[in-house]
file coords30.txt (compact mmCIF, C-alpha atoms)
# COMPACT_ATOMS: atom_id res chain seq x y z
CA GLU A 1 11.24 -1.14 -34.52
CA ILE A 2 13.23 2.07 -34.81
CA MET A 3 16.82 2.53 -33.75
CA ASN A 4 17.35 5.91 -32.06
CA ASN A 5 20.19 6.85 -29.72
CA ASN A 6 20.89 3.16 -29.11
CA GLN A 7 17.32 2.69 -27.87
CA ILE A 8 14.85 0.29 -29.50
CA LEU A 9 11.57 2.18 -29.74
CA VAL A 10 8.41 0.09 -29.89
CA ILE A 11 5.77 2.76 -29.30
CA ASP A 12 3.11 1.21 -31.52
CA LYS A 13 4.16 -2.44 -31.37
CA VAL A 14 1.66 -5.00 -30.07
CA THR A 15 3.22 -7.43 -27.61
CA PRO A 16 3.23 -11.21 -28.13
CA SER A 17 1.33 -11.59 -24.84
CA PHE A 18 -1.51 -9.40 -26.16
CA LEU A 19 -1.63 -11.43 -29.37
CA ASP A 20 -1.74 -14.52 -27.14
CA GLY A 21 -4.90 -13.34 -25.38
CA VAL A 22 -3.35 -11.57 -22.36
CA SER A 23 -4.97 -8.21 -21.65
CA GLU A 24 -2.83 -5.07 -21.41
CA GLU A 25 -3.68 -4.68 -17.71
CA ILE A 26 -2.71 -8.25 -16.83
CA GLU A 27 0.51 -7.95 -18.80
CA LYS A 28 1.33 -4.70 -17.02
CA ILE A 29 0.86 -6.35 -13.62
CA HIS A 30 3.16 -9.24 -14.57
CA ARG A 31 5.78 -6.80 -15.87
CA VAL A 32 5.65 -4.85 -12.62
CA PHE A 33 5.86 -8.08 -10.63
CA GLY A 34 8.93 -9.30 -12.52
CA CYS A 35 10.71 -5.96 -12.16
CA GLU A 36 9.95 -5.85 -8.44
CA LEU A 37 11.49 -9.31 -8.08
CA ILE A 38 14.63 -8.06 -9.84
CA GLN A 39 14.81 -4.97 -7.61
CA GLU A 40 14.31 -7.02 -4.44
CA ALA A 41 16.92 -9.59 -5.44
CA GLY A 42 19.39 -6.84 -6.34
CA ILE A 43 19.01 -5.30 -2.89
CA LEU A 44 19.44 -8.65 -1.13
CA LEU A 45 22.55 -9.35 -3.20
CA GLN A 46 23.85 -5.83 -2.42
CA LEU A 47 24.30 -5.04 -6.10
CA PRO A 48 24.61 -1.48 -7.43
CA GLN A 49 21.37 -0.10 -8.86
CA VAL A 50 22.71 -0.30 -12.41
CA PHE A 51 22.58 -4.11 -12.24
CA SER A 52 18.85 -4.10 -11.51
CA VAL A 53 18.20 -1.41 -14.13
CA THR A 54 20.00 -3.45 -16.79
CA ALA A 55 18.08 -6.58 -15.82
CA GLN A 56 14.74 -4.76 -15.92
CA ASN A 57 15.59 -3.37 -19.35
CA ILE A 58 16.32 -6.88 -20.62
CA PHE A 59 13.12 -8.13 -18.98
CA HIS A 60 10.90 -5.65 -20.84
CA ARG A 61 12.62 -6.26 -24.16
CA PHE A 62 12.23 -10.02 -23.81
CA TYR A 63 8.46 -9.70 -23.44
CA TYR A 64 8.28 -7.72 -26.65
CA ARG A 65 9.48 -10.93 -28.28
CA LYS A 66 7.88 -13.70 -26.24
CA SER A 67 4.55 -14.20 -24.48
CA LEU A 68 3.83 -14.49 -20.76
CA ASN A 69 1.86 -17.60 -21.69
CA THR A 70 5.13 -19.23 -22.67
CA TYR A 71 7.66 -17.82 -20.22
CA ASP A 72 6.70 -16.86 -16.66
CA ALA A 73 7.87 -13.61 -15.08
CA PHE A 74 9.56 -15.26 -12.08
CA SER A 75 11.90 -17.42 -14.16
CA VAL A 76 12.63 -14.68 -16.70
CA SER A 77 13.41 -12.11 -14.00
CA MET A 78 15.92 -14.52 -12.51
CA GLY A 79 17.57 -15.09 -15.89
CA CYS A 80 17.67 -11.35 -16.60
CA LEU A 81 19.42 -10.58 -13.32
CA LEU A 82 22.00 -13.31 -13.90
CA LEU A 83 22.66 -11.95 -17.38
CA SER A 84 22.92 -8.35 -16.16
CA THR A 85 25.69 -9.27 -13.72
CA LYS A 86 27.68 -10.59 -16.67
CA LEU A 87 27.01 -7.52 -18.80
CA GLU A 88 28.09 -5.26 -15.92
CA GLU A 89 31.24 -7.39 -15.55
CA LYS A 90 30.55 -8.65 -12.05
CA PRO A 91 29.08 -12.09 -12.70
CA LEU A 92 27.41 -13.94 -9.87
CA THR A 93 27.24 -17.70 -9.56
CA LEU A 94 24.07 -19.62 -10.28
CA ARG A 95 23.99 -20.61 -6.62
CA GLU A 96 23.93 -16.99 -5.42
CA ILE A 97 21.01 -16.13 -7.69
CA LEU A 98 19.10 -19.28 -6.77
CA PHE A 99 19.55 -18.84 -3.01
CA VAL A 100 18.20 -15.28 -3.12
CA TYR A 101 15.26 -16.12 -5.37
CA ASN A 102 14.41 -19.10 -3.17
CA HIS A 103 14.25 -16.73 -0.19
CA ILE A 104 12.02 -14.31 -2.15
CA TYR A 105 9.82 -17.18 -3.32
CA GLN A 106 9.31 -18.53 0.20
CA ARG A 107 8.70 -15.11 1.74
CA ARG A 108 6.23 -13.96 -0.90
CA LYS A 109 4.31 -17.26 -0.80
CA ARG A 110 4.32 -17.25 3.01
CA LEU A 111 6.33 -20.45 3.32
CA LYS A 112 8.77 -21.35 6.07
CA LEU A 113 12.11 -19.71 5.38
CA LYS A 114 14.89 -22.22 5.01
CA PRO A 115 18.02 -22.35 2.84
CA LEU A 116 17.91 -24.07 -0.52
CA ASP A 117 19.57 -27.49 -0.26
CA ILE A 118 22.02 -27.89 -3.13
CA ALA A 119 21.46 -31.66 -3.01
CA SER A 120 17.69 -31.34 -3.44
CA ILE A 121 15.58 -31.97 -6.54
CA LYS A 122 14.30 -28.41 -6.25
CA TYR A 123 17.81 -26.98 -6.57
CA SER A 124 18.56 -29.16 -9.59
CA GLU A 125 15.31 -28.19 -11.34
CA TRP A 126 15.71 -24.48 -10.60
CA LYS A 127 19.34 -24.52 -11.73
CA ASN A 128 18.53 -26.21 -15.05
CA ASN A 129 15.60 -23.86 -15.58
CA LEU A 130 17.81 -20.81 -14.94
CA ILE A 131 20.45 -21.99 -17.42
CA LEU A 132 17.83 -22.62 -20.11
CA THR A 133 16.06 -19.32 -19.45
CA GLU A 134 19.28 -17.35 -19.79
CA ARG A 135 19.90 -19.07 -23.15
CA TYR A 136 16.38 -18.22 -24.33
CA ILE A 137 16.89 -14.56 -23.42
CA LEU A 138 20.22 -14.40 -25.22
CA LYS A 139 18.72 -16.01 -28.31
CA GLN A 140 15.64 -13.78 -28.41
CA LEU A 141 17.66 -10.58 -28.01
CA GLY A 142 20.14 -11.72 -30.62
CA PHE A 143 23.16 -11.45 -28.30
CA ARG A 144 23.01 -7.65 -28.85
CA PHE A 145 23.08 -5.66 -25.64
CA TYR A 146 24.84 -2.42 -26.48
CA GLU A 147 21.63 -0.38 -26.52
CA ILE A 148 20.46 -1.94 -23.25
CA LEU A 149 23.32 -0.31 -21.32
CA ASP A 150 22.01 3.20 -22.09
CA HIS A 151 20.09 3.99 -18.88
CA PRO A 152 18.26 7.20 -17.87
CA HIS A 153 20.09 7.19 -14.54
CA LYS A 154 23.40 8.07 -16.15
CA TYR A 155 21.97 11.34 -17.53
CA LEU A 156 20.17 12.40 -14.38
CA LEU A 157 22.83 14.20 -12.34
CA TYR A 158 24.09 16.08 -15.40
CA PHE A 159 20.55 17.21 -16.27
CA VAL A 160 19.88 18.26 -12.67
CA ARG A 161 22.94 20.50 -12.79
CA LEU A 162 21.72 22.01 -16.07
CA VAL A 163 18.52 23.22 -14.40
CA ASP A 164 20.27 24.22 -11.14
CA GLY A 165 18.36 21.55 -9.23
CA SER A 166 18.95 20.64 -5.59
CA SER A 167 20.29 17.39 -4.21
CA GLU A 168 16.79 16.70 -2.91
CA MET A 169 15.46 17.04 -6.46
CA ALA A 170 18.14 14.67 -7.72
CA GLN A 171 17.28 12.03 -5.11
CA LEU A 172 13.54 12.21 -5.76
CA ALA A 173 14.09 12.12 -9.53
CA TRP A 174 16.33 9.06 -9.05
CA ASN A 175 13.48 7.36 -7.17
CA TYR A 176 11.07 8.15 -10.00
CA LEU A 177 13.50 6.64 -12.50
CA ASN A 178 13.69 3.48 -10.41
CA ASP A 179 9.89 3.30 -10.53
CA ALA A 180 9.90 3.98 -14.27
CA MET A 181 11.89 0.79 -14.82
CA ARG A 182 8.88 -1.21 -13.66
CA CYS A 183 6.92 -0.22 -16.78
CA ASP A 184 7.90 -0.51 -20.41
CA VAL A 185 8.75 3.16 -21.06
CA VAL A 186 12.37 2.01 -21.20
CA VAL A 187 11.71 0.32 -24.56
CA LYS A 188 9.41 3.04 -25.86
CA TYR A 189 11.37 6.22 -25.25
CA PRO A 190 15.00 7.39 -25.23
CA ALA A 191 16.83 7.34 -21.91
CA GLU A 192 17.30 11.13 -22.00
CA ALA A 193 13.53 11.68 -22.17
CA ILE A 194 12.92 9.37 -19.21
CA ALA A 195 15.52 11.26 -17.16
CA CYS A 196 13.80 14.51 -18.14
CA ALA A 197 10.46 13.13 -16.93
CA GLY A 198 12.01 12.23 -13.58
CA ILE A 199 13.28 15.79 -13.14
CA TYR A 200 9.92 17.27 -14.12
CA MET A 201 8.02 15.06 -11.66
CA SER A 202 10.43 15.75 -8.81
CA SER A 203 10.28 19.51 -9.39
CA ARG A 204 6.48 19.40 -9.25
CA GLN A 205 6.53 17.24 -6.14
CA LEU A 206 8.96 19.56 -4.32
CA GLY A 207 7.45 22.75 -5.63
CA GLN A 208 10.80 23.83 -7.08
CA LEU A 209 10.52 25.96 -10.19
CA LEU A 210 12.48 25.01 -13.26
CA PRO A 211 14.29 27.80 -15.18
CA GLU A 212 12.02 30.22 -17.02
CA SER A 213 11.89 29.53 -20.73
CA THR A 214 10.41 30.70 -23.98
CA SER A 215 8.83 28.44 -26.57
CA ASP A 216 12.09 28.12 -28.50
CA ARG A 217 14.31 27.93 -25.42
CA ALA A 218 12.35 25.56 -23.21
CA TRP A 219 14.35 23.90 -20.43
CA TRP A 220 13.36 20.42 -21.62
CA ARG A 221 14.89 21.07 -25.05
CA LEU A 222 18.27 20.55 -23.38
CA MET A 223 17.29 16.91 -22.84
CA THR A 224 14.66 15.87 -25.40
CA ASP A 225 12.82 17.09 -28.49
CA SER A 226 9.23 16.65 -27.35
CA VAL A 227 7.43 17.71 -24.18
CA GLU A 228 4.56 15.39 -25.19
CA VAL A 229 6.93 12.44 -24.82
CA VAL A 230 7.94 13.66 -21.36
CA LEU A 231 4.31 13.95 -20.28
CA SER A 232 3.53 10.48 -21.64
CA ILE A 233 6.35 9.03 -19.55
CA CYS A 234 5.06 10.89 -16.48
CA ASP A 235 1.59 9.43 -17.03
CA ALA A 236 3.04 5.91 -17.29
CA ILE A 237 4.97 6.33 -14.03
CA LEU A 238 1.97 7.81 -12.19
CA SER A 239 -0.21 4.91 -13.32
CA LEU A 240 2.01 2.56 -11.32
CA TYR A 241 0.90 4.20 -8.09
CA THR A 242 -2.71 3.20 -8.71
CA LEU A 243 -1.87 -0.52 -8.63
CA SER A 244 -2.41 -2.62 -5.53
CA LYS A 245 0.64 -4.03 -3.80
CA ILE A 246 1.75 -7.23 -5.53
CA THR A 247 2.96 -10.04 -3.27
CA TRP A 248 2.59 -13.00 -5.58
CA ILE A 249 1.07 -13.71 -8.99
CA GLU A 250 0.52 -17.19 -10.33
CA PRO A 251 2.22 -17.65 -13.71
CA LEU A 252 0.30 -17.75 -16.96
CA SER A 253 2.66 -20.34 -18.42
CA GLU A 254 1.40 -23.90 -18.18
CA THR A 255 4.93 -25.27 -18.50
CA ASP A 256 6.30 -23.31 -15.54
CA ILE A 257 8.14 -25.57 -13.07
CA ILE A 258 9.09 -22.97 -10.46
CA SER A 259 6.20 -20.93 -9.18
CA ARG A 260 2.92 -22.67 -9.94
CA GLU A 261 3.07 -25.42 -7.33
CA VAL A 262 4.61 -25.48 -3.88
CA CYS A 263 7.75 -27.59 -4.10
CA PRO A 264 7.97 -30.70 -1.87
CA ASP A 265 10.82 -29.04 0.02
CA ASP A 266 8.62 -26.06 0.99
CA GLU A 267 6.32 -25.94 4.00
CA PRO A 268 3.47 -23.44 4.47
CA LEU A 269 3.62 -21.16 7.50
CA THR A 270 1.38 -22.33 10.34
CA SER A 271 -0.92 -19.73 11.83
call {"tool": "encode", "arguments": {"input": "coords30.txt", "output": "structure tokens"}}
result
Amino acid sequence: EIMNNNQILVIDKVTPSFLDGVSEEIEKIHRVFGCELIQEAGILLQLPQVFSVTAQNIFHRFYYRKSLNTYDAFSVSMGCLLLSTKLEEKPLTLREILFVYNHIYQRRKRLKLKPLDIASIKYSEWKNNLILTERYILKQLGFRFYEILDHPHKYLLYFVRLVDGSSEMAQLAWNYLNDAMRCDVVVKYPAEAIACAGIYMSSRQLGQLLPESTSDRAWWRLMTDSVEVVLSICDAILSLYTLSKITWIEPLSETDIISREVCPDDEPLTS
């Protein structure tokens, strides 16, 4: 691992899941699934985008330390979102997180939607699992989160002004950055480079020209040192759009207590 601009770069590091027999494609799908759960929960909880971005950053870093065969994406995503609310100094209660994830769980598994009963066995098991998962995440990341708070979103508007971009470019680039958080570029490249990639993709999509430049005065040199890095990030983001829509994925962990089996309190939808 290399420390650079408060980012942990793991460009050539093999993940524990891969060493555990999980293919790169399967791991990618589970990473996307977990990050989509975080994004959906953040919207339902009406949290600012930075909360979801922080949680997704933690999520990717965790799976560079532990395998999907040991910790399932559903449980870890829930723990990451809970932890992000504390890091962003607006902590939510366990109950708030559990209620929202129960709703997501039932909707994605096509179960009857009904509130989570706080007196039920399901609530007790989910609550204990969430507490333990949060502790695992804290332990694996060494209680060090300073570098995790360095997000590409915070550079975006400043960079857009540097290239005289429009508000439409800024919005589209913001959307690309949100998509970028679903893949692991956040732990591979500096935040400034990811923001640069978002601007480049949005300018191409809108057909808006970036400022003319020479080889030693390229526009991207204001944001990053390597155009190859920017193009690599663009390729990673574009690859997400080739994936099929993910509604539910069964966990790889055999010890998972949340998402493998339908809980006794849940009822399938009748056709």
call {"tool": "residues_around", "arguments": {"input": "coords30.txt", "residues": "Leu92 (chain A)", "least_positions_apart": "2", "cutoff": "12 Å", "atoms": "all atoms listed in the file", "output": "list in words"}}
result
Gly42, Leu45, Gln46, Leu47, Phe51, Met78, Gly79, Leu81, Leu82, Leu83, Ser84, Thr85, Lys86, Leu87, Glu88, Glu89, Lys90, Leu94, Arg95, Glu96, Ile97, Leu98, Phe99 and Val100 of chain A
call {"tool": "atom_distance", "arguments": {"input": "coords30.txt", "atom1": "CA of Pro211 (chain A)", "atom2": "CA of Cys196 (chain A)"}}
result
13.6 Å
call {"tool": "closest_residue", "arguments": {"input": "coords30.txt", "among": "A:Phe33, A:Leu157, A:Pro190, A:Ile246", "to": "Thr224 (chain A)", "atoms": "all atoms listed in the file"}}
result
A:Pro190
call {"tool": "closest_residue", "arguments": {"input": "coords30.txt", "among": "A:Leu68, A:Ile118, A:Ile104, A:Ala73", "to": "Thr247 (chain A)", "atoms": "all atoms listed in the file"}}
result
A:Ile104
call {"tool": "closest_residue", "arguments": {"input": "coords30.txt", "among": "A:Thr242, A:Asn178, A:Ser232, A:Ser75", "to": "Val50 (chain A)", "atoms": "only C-alpha atoms"}}
result
A:Asn178
call {"tool": "atom_distance", "arguments": {"input": "coords30.txt", "atom1": "CA of Tyr155 (chain A)", "atom2": "CA of Tyr241 (chain A)"}}
result
24.2 Å
call {"tool": "atom_distance", "arguments": {"input": "coords30.txt", "atom1": "CA of Tyr189 (chain A)", "atom2": "CA of Pro251 (chain A)"}}
result
28.0 Å
call {"tool": "residues_around", "arguments": {"input": "coords30.txt", "residues": "Tyr105 (chain A)", "least_positions_apart": "2", "cutoff": "10 Å", "atoms": "only C-alpha atoms", "output": "PDB file with C-alpha atoms, in the coordinates of the input"}}
result
ATOM      1  CA  LEU A  37      11.490  -9.310  -8.080  1.00  0.00           C
ATOM      2  CA  PHE A  74       9.560 -15.260 -12.080  1.00  0.00           C
ATOM      3  CA  PHE A  99      19.550 -18.840  -3.010  1.00  0.00           C
ATOM      4  CA  VAL A 100      18.200 -15.280  -3.120  1.00  0.00           C
ATOM      5  CA  TYR A 101      15.260 -16.120  -5.370  1.00  0.00           C
ATOM      6  CA  ASN A 102      14.410 -19.100  -3.170  1.00  0.00           C
ATOM      7  CA  HIS A 103      14.250 -16.730  -0.190  1.00  0.00           C
ATOM      8  CA  ARG A 107       8.700 -15.110   1.740  1.00  0.00           C
ATOM      9  CA  ARG A 108       6.230 -13.960  -0.900  1.00  0.00           C
ATOM     10  CA  LYS A 109       4.310 -17.260  -0.800  1.00  0.00           C
ATOM     11  CA  ARG A 110       4.320 -17.250   3.010  1.00  0.00           C
ATOM     12  CA  LEU A 111       6.330 -20.450   3.320  1.00  0.00           C
ATOM     13  CA  LEU A 113      12.110 -19.710   5.380  1.00  0.00           C
ATOM     14  CA  THR A 247       2.960 -10.040  -3.270  1.00  0.00           C
ATOM     15  CA  TRP A 248       2.590 -13.000  -5.580  1.00  0.00           C
ATOM     16  CA  ILE A 258       9.090 -22.970 -10.460  1.00  0.00           C
ATOM     17  CA  SER A 259       6.200 -20.930  -9.180  1.00  0.00           C
ATOM     18  CA  VAL A 262       4.610 -25.480  -3.880  1.00  0.00           C
ATOM     19  CA  ASP A 266       8.620 -26.060   0.990  1.00  0.00           C
TER      20      ASP A 266
END
